[in-house]
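Engineer: Supplied in structure tokens, the structure appears directly below.
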Amino acid sequence: MKILAIETTCDETSAAVLEDGRLLSNYVHTQIPLHSAYNGVVPELASRAHLEKMPYVLKKALAVAGINEYSKNCVDAVAFSRGPGLPGSLMVGRVASETAAELAGVPLIGVNHLEGHLLACEFENGRIAHPLQFPLIGLLVSGGHTEMWLVRDYGDYRIIGRTRDDAAGEAFDKVAKLLKLPYPGGPEVERLASEAAGEGPRFPRPYMKGTWEFSFSGLKTSVSYYLQKNPQPDINEKRLICRAFQDAVIETLVRKVSEAAEHFGVKRVAIGGGVSANSALRRAFSMLKDLEIRFSEKQYCSDNAAMITLCALRRIQAGRWKNSIKADPVLENASWRVK
Ligand code: KG4
Ligand code: ZN
């Protein structure tokens with residue numbers, strides 16, 4: 001079975017082809033250079049750039065997959081991220097995938113982008129090497145979302161907690177901006193934190209006791225207050241601030257996930273999304289010896305269409321692909337197996 005998928009939720013235009021558990025292609029065009037001048041994603045520019053790049057990205061993904069003539073039944077299904085994401089960007093993905101499905105005469109399967117980040121943990125070297133085992137706690141940490149899910153099966157996802165304000169990646173990006181570091185901030189903050197040496201500040205851990213929720217905007221404000229008292233930090237001070245901020249985010253995520261795993265009697269955790277590329281975060285979670293922790297390979301942490309092929313595959317295998325194909329910017333419910 002061959003599945004073509006398209007991903008355009010935010011600032012990556014991507015197309016991928018999966019055949020019998022093997023990725024034939026996964027082409028990602030990132031818009032980071034376009035948005036970095038504005039220190040964040042500009043939605044109108046993002047949708048225009050998706051529109052401009054889509055034909056090239058599609059051609060590239062199909063050619064690498066050996067599909068040189070796009071004709072009836074050259075693939076068995078077309079999938080796309082129908083949300084959550086930027087409205088204009090989602091529309092580009094929707095129209096491109098609908099056209100592709102129509103031309104091939106195959107089903108169009110709209111899926112939840114965050115489910116993609118979860119399932120990306122199954123890939124190794126471009127193959128489905130490690131199917132998830134259930135139940136598990138899913139932690140999705142990206143630029144737009146921070147959510148914890150109780151996952152009992154493919155398609156059976158219960159959101160047990162999410163952020164009340166900033167997503168973890170958003171907090172990384174905002175702190176980077178405060179420190180005048182380039183966009184996107186996550187990788188820069190990680191790099192500086194890894195170079196920190198000596199005593200630095202300590203920021204509060206937003207544990208949100210008694211809830212499964214997160215809140216990272218207060219942490220960002222603590223960094224901002226610290227900078228008001230210590231304006232114009234030199235590079236060494238910036239390193240210490242990055243490490244202190246990163247430690248606070250990581251400790252919070254680790255504590256909340258391990259508490260949730262214990263509460264729900266679950267021994268497995270799968271972590272996905274852009275922030276899960278952070279090496280310090282990976283090390284910290286790997287220290288949890290009584291839990292089996294899964295990450296996606298770094299190449300599949302940020303947005304890509306490979307992970308969207310997997311969402312479609314799992315639905316097809318379960319015979320549950322007849323869902324709505326409308327783009328939905330605030331798409332909440334990732335579940336498709338249960339109501
Ligand atoms: O999943 P993703 O590529 O896009 C969304 O769906 O939002 O996540 C992007 C986010 C950005 O906020 C970026 O700064 C953050 O992931 N990020 C990181 C790292 N790499 C990317 N945050 C912390 N450490 C990293 N190494
Ligand atoms: Zn994402």
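Chain labels A, B, ... are given in the sequence in which chains occur in the structure tokens; within each chain residues are numbered consecutively from 1, and ligands are likewise numbered from 1 in the order shown.
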Find the residues around stretch 52-66 of chain A up to 7 Å (only C-alpha atoms counted), leave out those fewer than 2 positions away in its own chain, and share them as an MDAnalysis selection string.

Structural biologist: chainID A and resid 13:17 24:27 48:50 68

Engineer: Could you give me, as CSV, every chain A residue with an atom at most 9 Å from ligand 2, plus its closest atom pair and distance in Å to one decimal, counting only C-alpha atoms and all ligand atoms, rows ordered by chain then number?

Structural biologist:
residue,atom,partner,partner_atom_place_in_ligand_line,distance
A:Thr9,CA,ligand 2,1 (Zn),7.4
A:Cys10,CA,ligand 2,1 (Zn),7.5
A:Pro84,CA,ligand 2,1 (Zn),8.9
A:Gly85,CA,ligand 2,1 (Zn),8.5
A:His113,CA,ligand 2,1 (Zn),6.5
A:Leu114,CA,ligand 2,1 (Zn),6.5
A:Gly116,CA,ligand 2,1 (Zn),8.1
A:His117,CA,ligand 2,1 (Zn),6.5
A:Leu140,CA,ligand 2,1 (Zn),8.8
A:Val141,CA,ligand 2,1 (Zn),8.3
A:Ser142,CA,ligand 2,1 (Zn),5.7
A:Gly143,CA,ligand 2,1 (Zn),7.0
A:Gly144,CA,ligand 2,1 (Zn),7.3
A:His145,CA,ligand 2,1 (Zn),8.0
A:Gly272,CA,ligand 2,1 (Zn),8.7
A:Gly273,CA,ligand 2,1 (Zn),5.6
A:Gly274,CA,ligand 2,1 (Zn),6.5
A:Cys301,CA,ligand 2,1 (Zn),8.0
A:Ser302,CA,ligand 2,1 (Zn),6.0
A:Asp303,CA,ligand 2,1 (Zn),4.7
A:Asn304,CA,ligand 2,1 (Zn),8.0

Engineer: Let me see the file: selected residues, N, CA, C and O atoms, as a tab-separated table (two decimals), in the first residue's frame.

Structural biologist:
chain	number	residue	atom	x	y	z
A	9	THR	N	0.77	22.65	8.26
A	9	THR	CA	0.06	23.31	9.36
A	9	THR	C	0.67	24.63	9.77
A	9	THR	O	-0.02	25.54	10.22
A	10	CYS	N	2.00	24.75	9.63
A	10	CYS	CA	2.65	25.97	10.13
A	10	CYS	C	3.67	26.49	9.13
A	10	CYS	O	3.29	27.07	8.12
A	84	PRO	N	-4.54	20.74	14.17
A	84	PRO	CA	-4.65	22.19	14.30
A	84	PRO	C	-3.50	22.89	13.57
A	84	PRO	O	-2.44	22.29	13.37
A	85	GLY	N	-3.73	24.14	13.21
A	85	GLY	CA	-2.69	24.87	12.48
A	85	GLY	C	-3.19	26.23	12.01
A	85	GLY	O	-4.30	26.65	12.36
A	113	HIS	N	-2.68	16.73	13.18
A	113	HIS	CA	-1.23	16.96	13.14
A	113	HIS	C	-0.52	16.44	14.40
A	113	HIS	O	0.58	15.88	14.33
A	114	LEU	N	-1.16	16.61	15.56
A	114	LEU	CA	-0.51	16.20	16.81
A	114	LEU	C	-0.42	14.67	16.91
A	114	LEU	O	0.53	14.13	17.49
A	116	GLY	N	0.24	12.93	14.46
A	116	GLY	CA	1.45	12.68	13.67
A	116	GLY	C	2.70	12.77	14.53
A	116	GLY	O	3.58	11.90	14.47
A	117	HIS	N	2.78	13.81	15.38
A	117	HIS	CA	3.96	13.95	16.24
A	117	HIS	C	4.09	12.74	17.17
A	117	HIS	O	5.19	12.31	17.48
A	140	LEU	N	3.21	15.83	23.90
A	140	LEU	CA	3.40	16.53	22.64
A	140	LEU	C	3.84	17.95	22.93
A	140	LEU	O	3.10	18.73	23.55
A	141	VAL	N	5.07	18.23	22.57
A	141	VAL	CA	5.66	19.53	22.91
A	141	VAL	C	6.16	20.19	21.63
A	141	VAL	O	7.18	19.81	21.08
A	142	SER	N	5.39	21.19	21.17
A	142	SER	CA	5.78	21.84	19.92
A	142	SER	C	5.72	23.36	20.11
A	142	SER	O	5.60	23.85	21.23
A	143	GLY	N	5.79	24.08	18.99
A	143	GLY	CA	5.73	25.53	19.07
A	143	GLY	C	4.33	26.02	19.38
A	143	GLY	O	4.14	27.07	20.00
A	144	GLY	N	3.33	25.26	18.95
A	144	GLY	CA	1.95	25.70	19.14
A	144	GLY	C	1.22	24.96	20.24
A	144	GLY	O	0.16	25.41	20.69
A	145	HIS	N	1.75	23.80	20.68
A	145	HIS	CA	1.01	22.95	21.61
A	145	HIS	C	1.90	22.33	22.67
A	145	HIS	O	3.06	22.03	22.40
A	272	GLY	N	6.81	13.56	21.43
A	272	GLY	CA	6.99	14.07	20.07
A	272	GLY	C	6.84	15.57	19.99
A	272	GLY	O	6.44	16.23	20.96
A	273	GLY	N	7.14	16.13	18.82
A	273	GLY	CA	7.04	17.57	18.61
A	273	GLY	C	8.43	18.21	18.63
A	273	GLY	O	9.39	17.62	19.13
A	274	GLY	N	8.51	19.42	18.09
A	274	GLY	CA	9.80	20.10	17.91
A	274	GLY	C	10.67	20.15	19.15
A	274	GLY	O	11.89	19.93	19.07
A	301	CYS	N	11.18	15.01	14.49
A	301	CYS	CA	10.61	15.78	15.61
A	301	CYS	C	9.86	17.00	15.12
A	301	CYS	O	8.77	17.30	15.58
A	302	SER	N	10.46	17.74	14.19
A	302	SER	CA	9.77	18.93	13.70
A	302	SER	C	8.79	18.52	12.60
A	302	SER	O	8.75	17.35	12.20
A	303	ASP	N	8.03	19.48	12.10
A	303	ASP	CA	6.92	19.14	11.21
A	303	ASP	C	7.40	18.47	9.92
A	303	ASP	O	8.35	18.94	9.28
A	304	ASN	N	6.73	17.40	9.55
A	304	ASN	CA	7.09	16.65	8.34
A	304	ASN	C	5.87	15.84	7.90
A	304	ASN	O	4.98	15.57	8.71

Engineer: If you count only C-alpha atoms, which residues fall within 9 Å of A:Cys311, apart from same-chain ones fewer than 3 positions away, as a PyMOL selection string?

Structural biologist: chain A and resi 79+111-113+115-116+119+154-155+307-308+314-316

Engineer: With all heavy atoms kept, could you save the residues just selected as a JSON list (two decimals), in the first residue's frame?

Structural biologist:
[["chain", "number", "residue", "atom", "x", "y", "z"],
["A", 79, "ALA", "N", -3.17, 11.56, 2.24],
["A", 79, "ALA", "CA", -3.49, 12.06, 3.58],
["A", 79, "ALA", "C", -3.00, 13.49, 3.72],
["A", 79, "ALA", "O", -2.07, 13.90, 3.02],
["A", 79, "ALA", "CB", -2.81, 11.18, 4.63],
["A", 111, "VAL", "N", -6.11, 14.11, 8.80],
["A", 111, "VAL", "CA", -5.71, 13.63, 10.13],
["A", 111, "VAL", "C", -5.29, 14.79, 11.02],
["A", 111, "VAL", "O", -5.10, 15.91, 10.57],
["A", 111, "VAL", "CB", -4.57, 12.59, 10.04],
["A", 111, "VAL", "CG1", -4.92, 11.47, 9.09],
["A", 111, "VAL", "CG2", -3.25, 13.23, 9.63],
["A", 112, "ASN", "N", -5.14, 14.47, 12.31],
["A", 112, "ASN", "CA", -4.71, 15.47, 13.29],
["A", 112, "ASN", "C", -3.18, 15.52, 13.33],
["A", 112, "ASN", "O", -2.52, 14.51, 13.50],
["A", 112, "ASN", "CB", -5.29, 15.08, 14.67],
["A", 112, "ASN", "CG", -4.98, 16.10, 15.73],
["A", 112, "ASN", "OD1", -3.82, 16.35, 16.05],
["A", 112, "ASN", "ND2", -6.02, 16.69, 16.30],
["A", 113, "HIS", "N", -2.68, 16.73, 13.18],
["A", 113, "HIS", "CA", -1.23, 16.96, 13.14],
["A", 113, "HIS", "C", -0.52, 16.44, 14.40],
["A", 113, "HIS", "O", 0.58, 15.88, 14.33],
["A", 113, "HIS", "CB", -1.03, 18.47, 12.99],
["A", 113, "HIS", "CG", 0.36, 18.93, 13.09],
["A", 113, "HIS", "ND1", 1.26, 18.84, 12.05],
["A", 113, "HIS", "CD2", 1.05, 19.50, 14.11],
["A", 113, "HIS", "CE1", 2.42, 19.33, 12.42],
["A", 113, "HIS", "NE2", 2.33, 19.74, 13.67],
["A", 115, "GLU", "N", -1.38, 13.98, 16.34],
["A", 115, "GLU", "CA", -1.29, 12.52, 16.28],
["A", 115, "GLU", "C", -0.04, 12.13, 15.49],
["A", 115, "GLU", "O", 0.66, 11.17, 15.82],
["A", 115, "GLU", "CB", -2.55, 11.91, 15.63],
["A", 115, "GLU", "CG", -2.50, 10.39, 15.60],
["A", 115, "GLU", "CD", -3.62, 9.75, 14.78],
["A", 115, "GLU", "OE1", -4.21, 10.42, 13.92],
["A", 115, "GLU", "OE2", -3.90, 8.56, 15.01],
["A", 116, "GLY", "N", 0.24, 12.93, 14.46],
["A", 116, "GLY", "CA", 1.45, 12.68, 13.67],
["A", 116, "GLY", "C", 2.70, 12.77, 14.53],
["A", 116, "GLY", "O", 3.58, 11.90, 14.47],
["A", 119, "LEU", "N", 2.91, 9.55, 16.57],
["A", 119, "LEU", "CA", 3.22, 8.33, 15.83],
["A", 119, "LEU", "C", 4.61, 8.37, 15.20],
["A", 119, "LEU", "O", 5.18, 7.32, 14.85],
["A", 119, "LEU", "CB", 2.16, 8.07, 14.75],
["A", 119, "LEU", "CG", 0.72, 7.87, 15.25],
["A", 119, "LEU", "CD1", -0.15, 7.33, 14.13],
["A", 119, "LEU", "CD2", 0.63, 6.93, 16.44],
["A", 154, "TYR", "N", -4.22, 3.01, 19.00],
["A", 154, "TYR", "CA", -4.25, 3.96, 17.90],
["A", 154, "TYR", "C", -5.64, 4.56, 17.84],
["A", 154, "TYR", "O", -6.64, 3.82, 17.88],
["A", 154, "TYR", "CB", -3.97, 3.26, 16.57],
["A", 154, "TYR", "CG", -2.57, 2.71, 16.44],
["A", 154, "TYR", "CD1", -2.34, 1.35, 16.36],
["A", 154, "TYR", "CD2", -1.48, 3.58, 16.40],
["A", 154, "TYR", "CE1", -1.05, 0.85, 16.24],
["A", 154, "TYR", "CE2", -0.18, 3.08, 16.28],
["A", 154, "TYR", "CZ", 0.02, 1.73, 16.20],
["A", 154, "TYR", "OH", 1.29, 1.23, 16.09],
["A", 155, "GLY", "N", -5.73, 5.86, 17.75],
["A", 155, "GLY", "CA", -7.03, 6.51, 17.62],
["A", 155, "GLY", "C", -7.78, 6.70, 18.91],
["A", 155, "GLY", "O", -8.84, 7.31, 18.92],
["A", 307, "MET", "N", 5.23, 11.68, 9.14],
["A", 307, "MET", "CA", 4.40, 11.31, 10.29],
["A", 307, "MET", "C", 2.90, 11.30, 9.92],
["A", 307, "MET", "O", 2.11, 10.58, 10.54],
["A", 307, "MET", "CB", 4.68, 12.26, 11.47],
["A", 307, "MET", "CG", 4.28, 13.70, 11.24],
["A", 307, "MET", "SD", 4.95, 14.76, 12.56],
["A", 307, "MET", "CE", 3.90, 16.22, 12.36],
["A", 308, "ILE", "N", 2.55, 12.04, 8.90],
["A", 308, "ILE", "CA", 1.14, 12.10, 8.48],
["A", 308, "ILE", "C", 0.76, 10.83, 7.70],
["A", 308, "ILE", "O", -0.36, 10.33, 7.80],
["A", 308, "ILE", "CB", 0.89, 13.39, 7.65],
["A", 308, "ILE", "CG1", 1.28, 14.63, 8.47],
["A", 308, "ILE", "CG2", -0.55, 13.49, 7.16],
["A", 308, "ILE", "CD1", 0.65, 14.71, 9.86],
["A", 314, "ARG", "N", -2.50, 3.91, 10.00],
["A", 314, "ARG", "CA", -3.14, 3.27, 11.16],
["A", 314, "ARG", "C", -4.66, 3.30, 11.03],
["A", 314, "ARG", "O", -5.36, 2.39, 11.47],
["A", 314, "ARG", "CB", -2.70, 3.97, 12.45],
["A", 314, "ARG", "CG", -1.19, 3.82, 12.74],
["A", 314, "ARG", "CD", -0.77, 2.38, 12.74],
["A", 314, "ARG", "NE", 0.64, 2.18, 13.04],
["A", 314, "ARG", "CZ", 1.33, 1.11, 12.68],
["A", 314, "ARG", "NH1", 0.76, 0.14, 11.99],
["A", 314, "ARG", "NH2", 2.59, 0.99, 13.01],
["A", 315, "ARG", "N", -5.19, 4.35, 10.44],
["A", 315, "ARG", "CA", -6.65, 4.40, 10.23],
["A", 315, "ARG", "C", -7.11, 3.39, 9.20],
["A", 315, "ARG", "O", -8.13, 2.72, 9.36],
["A", 315, "ARG", "CB", -7.07, 5.77, 9.73],
["A", 315, "ARG", "CG", -7.11, 6.77, 10.81],
["A", 315, "ARG", "CD", -7.70, 8.03, 10.27],
["A", 315, "ARG", "NE", -7.42, 9.06, 11.23],
["A", 315, "ARG", "CZ", -8.26, 10.01, 11.55],
["A", 315, "ARG", "NH1", -9.43, 10.08, 10.97],
["A", 315, "ARG", "NH2", -7.95, 10.91, 12.45],
["A", 316, "ILE", "N", -6.35, 3.30, 8.11],
["A", 316, "ILE", "CA", -6.73, 2.35, 7.05],
["A", 316, "ILE", "C", -6.72, 0.94, 7.63],
["A", 316, "ILE", "O", -7.63, 0.14, 7.42],
["A", 316, "ILE", "CB", -5.77, 2.47, 5.85],
["A", 316, "ILE", "CG1", -5.96, 3.83, 5.17],
["A", 316, "ILE", "CG2", -6.00, 1.34, 4.85],
["A", 316, "ILE", "CD1", -4.88, 4.20, 4.16]]

Engineer: Could you please write out, as an NGL selection string, every residue of stretch 270-316 of chain A that DSSP assigns to helix (DSSP H, G or I)?

Structural biologist: :A and (274-277 or 279-286 or 298-300 or 306-316)

Engineer: Any chance you can output those residues with C-alpha atoms as a short mmCIF file (atom, residue, chain, number, x, y, z; two decimals), in the first residue's frame?

Structural biologist:
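So selection_9.cif came out as:
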data_model
loop_
_atom_site.label_atom_id
_atom_site.label_comp_id
_atom_site.auth_asym_id
_atom_site.auth_seq_id
_atom_site.Cartn_x
_atom_site.Cartn_y
_atom_site.Cartn_z
CA GLY A 274 9.80 20.10 17.91
CA VAL A 275 10.87 20.55 21.55
CA SER A 276 11.47 16.79 21.85
CA ALA A 277 14.57 17.33 19.68
CA SER A 279 19.04 16.68 23.92
CA ALA A 280 18.90 17.81 27.55
CA LEU A 281 15.19 16.92 27.61
CA ARG A 282 15.93 13.50 26.11
CA ARG A 283 18.63 12.85 28.71
CA ALA A 284 16.37 13.91 31.57
CA PHE A 285 13.52 11.61 30.46
CA SER A 286 15.91 8.74 29.86
CA LYS A 298 15.43 13.95 15.54
CA GLN A 299 14.68 14.25 11.82
CA TYR A 300 11.00 13.47 12.57
CA ALA A 306 6.23 11.31 6.98
CA MET A 307 4.40 11.31 10.29
CA ILE A 308 1.14 12.10 8.48
CA THR A 309 1.47 8.98 6.30
CA LEU A 310 1.56 6.96 9.52
CA CYS A 311 -1.68 8.47 10.86
CA ALA A 312 -3.40 7.50 7.63
CA LEU A 313 -1.92 4.00 7.63
CA ARG A 314 -3.14 3.27 11.16
CA ARG A 315 -6.65 4.40 10.23
CA ILE A 316 -6.73 2.35 7.05
#

Engineer: So how far away is atom CA of A:Asp328 from atom CA of A:Ala100, in Å?

Structural biologist: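 Separating atom CA of A:Ala100 from atom CA of A:Asp328 is a distance of 19.4 Å.
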
Engineer: Could you name the residues that touch stretch 261-270 of chain A at 8 Å or less, counting only C-alpha atoms, but leaving out those on the same chain fewer than 5 positions away, as a compact mmCIF listing (two decimals) with N, CA, C and O atoms, in the first residue's frame?

Structural biologist:
# COMPACT_ATOMS: atom_id res chain seq x y z
N LEU A 118 2.97 12.21 17.62
CA LEU A 118 3.01 11.03 18.50
C LEU A 118 3.51 9.80 17.74
O LEU A 118 4.43 9.10 18.16
N CYS A 121 7.24 8.52 16.51
CA CYS A 121 8.14 7.68 17.32
C CYS A 121 8.32 6.30 16.71
O CYS A 121 9.24 5.57 17.10
N GLN A 133 3.36 0.62 21.67
CA GLN A 133 2.63 -0.35 22.49
C GLN A 133 1.82 0.42 23.51
O GLN A 133 2.27 1.47 23.99
N PHE A 134 0.67 -0.08 23.83
CA PHE A 134 -0.28 0.67 24.65
C PHE A 134 -0.58 -0.06 25.95
O PHE A 134 -0.39 -1.27 26.01
N PRO A 135 -1.05 0.64 26.99
CA PRO A 135 -1.32 2.08 27.03
C PRO A 135 -0.03 2.86 27.23
O PRO A 135 0.97 2.31 27.68
N LEU A 136 -0.10 4.15 26.92
CA LEU A 136 1.05 5.01 27.13
C LEU A 136 0.60 6.44 27.41
O LEU A 136 -0.55 6.80 27.12
N ILE A 137 1.52 7.21 27.97
CA ILE A 137 1.30 8.65 28.10
C ILE A 137 2.00 9.30 26.91
O ILE A 137 3.18 9.02 26.66
N GLY A 138 1.28 10.10 26.16
CA GLY A 138 1.88 10.83 25.04
C GLY A 138 2.15 12.27 25.49
O GLY A 138 1.27 12.91 26.05
N LEU A 139 3.36 12.73 25.28
CA LEU A 139 3.68 14.14 25.57
C LEU A 139 4.00 14.82 24.24
O LEU A 139 4.93 14.41 23.55
N ASP A 290 12.07 3.54 35.62
CA ASP A 290 10.91 2.63 35.69
C ASP A 290 9.91 2.87 34.56
O ASP A 290 8.85 2.25 34.51
N LEU A 291 10.25 3.78 33.64
CA LEU A 291 9.35 4.02 32.50
C LEU A 291 10.07 3.73 31.19
O LEU A 291 11.27 4.01 31.07
N GLU A 292 9.33 3.20 30.23
CA GLU A 292 9.91 3.01 28.90
C GLU A 292 9.62 4.28 28.10
O GLU A 292 8.47 4.61 27.84
N ILE A 293 10.68 5.01 27.76
CA ILE A 293 10.51 6.31 27.10
C ILE A 293 10.85 6.19 25.62
O ILE A 293 11.89 5.68 25.25
N ARG A 294 9.94 6.68 24.78
CA ARG A 294 10.18 6.67 23.34
C ARG A 294 10.20 8.09 22.80
O ARG A 294 9.34 8.91 23.14
N PHE A 295 11.17 8.36 21.95
CA PHE A 295 11.22 9.64 21.24
C PHE A 295 11.18 9.35 19.75
O PHE A 295 11.58 8.27 19.33

Engineer: Identify, on the basis of only C-alpha atoms, every residue whose closest approach to stretch 204-210 of chain A does not exceed 12 Å; exclude the query and any residue fewer than 3 positions from it along the same chain; express the result as a JSON list (two decimals) with C-alpha atoms, in the first residue's frame.

Structural biologist:
[["chain", "number", "residue", "atom", "x", "y", "z"],
["A", 161, "GLY", "CA", -3.62, 18.09, 30.26],
["A", 162, "ARG", "CA", -2.53, 20.95, 28.11],
["A", 163, "THR", "CA", -0.97, 24.36, 28.54],
["A", 164, "ARG", "CA", -3.11, 27.18, 29.82],
["A", 165, "ASP", "CA", -1.02, 29.75, 28.02],
["A", 166, "ASP", "CA", 2.27, 29.41, 26.13],
["A", 168, "ALA", "CA", 6.80, 24.88, 25.63],
["A", 201, "PRO", "CA", 19.92, 32.11, 38.25],
["A", 213, "GLU", "CA", -2.05, 21.28, 33.05],
["A", 214, "PHE", "CA", 1.00, 23.28, 32.09],
["A", 215, "SER", "CA", 1.75, 27.00, 32.15],
["A", 216, "PHE", "CA", 4.94, 28.44, 30.72],
["A", 217, "SER", "CA", 4.13, 32.11, 30.39],
["A", 218, "GLY", "CA", 5.02, 32.88, 34.04],
["A", 219, "LEU", "CA", 8.41, 31.27, 33.53],
["A", 220, "LYS", "CA", 9.03, 33.48, 30.52],
["A", 221, "THR", "CA", 7.97, 36.49, 32.63],
["A", 222, "SER", "CA", 10.48, 35.46, 35.32],
["A", 223, "VAL", "CA", 13.21, 35.54, 32.68],
["A", 226, "TYR", "CA", 15.51, 38.89, 35.63],
["A", 244, "ALA", "CA", 18.26, 27.96, 34.03],
["A", 245, "PHE", "CA", 15.21, 28.41, 31.79],
["A", 246, "GLN", "CA", 15.69, 25.09, 30.00],
["A", 247, "ASP", "CA", 16.15, 23.24, 33.31],
["A", 248, "ALA", "CA", 12.87, 24.69, 34.59],
["A", 249, "VAL", "CA", 10.96, 23.59, 31.48],
["A", 250, "ILE", "CA", 12.49, 20.13, 31.45],
["A", 251, "GLU", "CA", 12.04, 19.45, 35.16],
["A", 252, "THR", "CA", 8.41, 20.51, 34.89],
["A", 253, "LEU", "CA", 7.74, 18.24, 31.92],
["A", 254, "VAL", "CA", 9.53, 15.28, 33.50],
["A", 255, "ARG", "CA", 7.72, 15.64, 36.83],
["A", 256, "LYS", "CA", 4.28, 16.03, 35.26],
["A", 257, "VAL", "CA", 4.72, 13.10, 32.90],
["A", 259, "GLU", "CA", 3.21, 11.73, 37.94],
["A", 260, "ALA", "CA", 0.66, 11.13, 35.20],
["A", 263, "HIS", "CA", -1.56, 8.03, 38.40]]
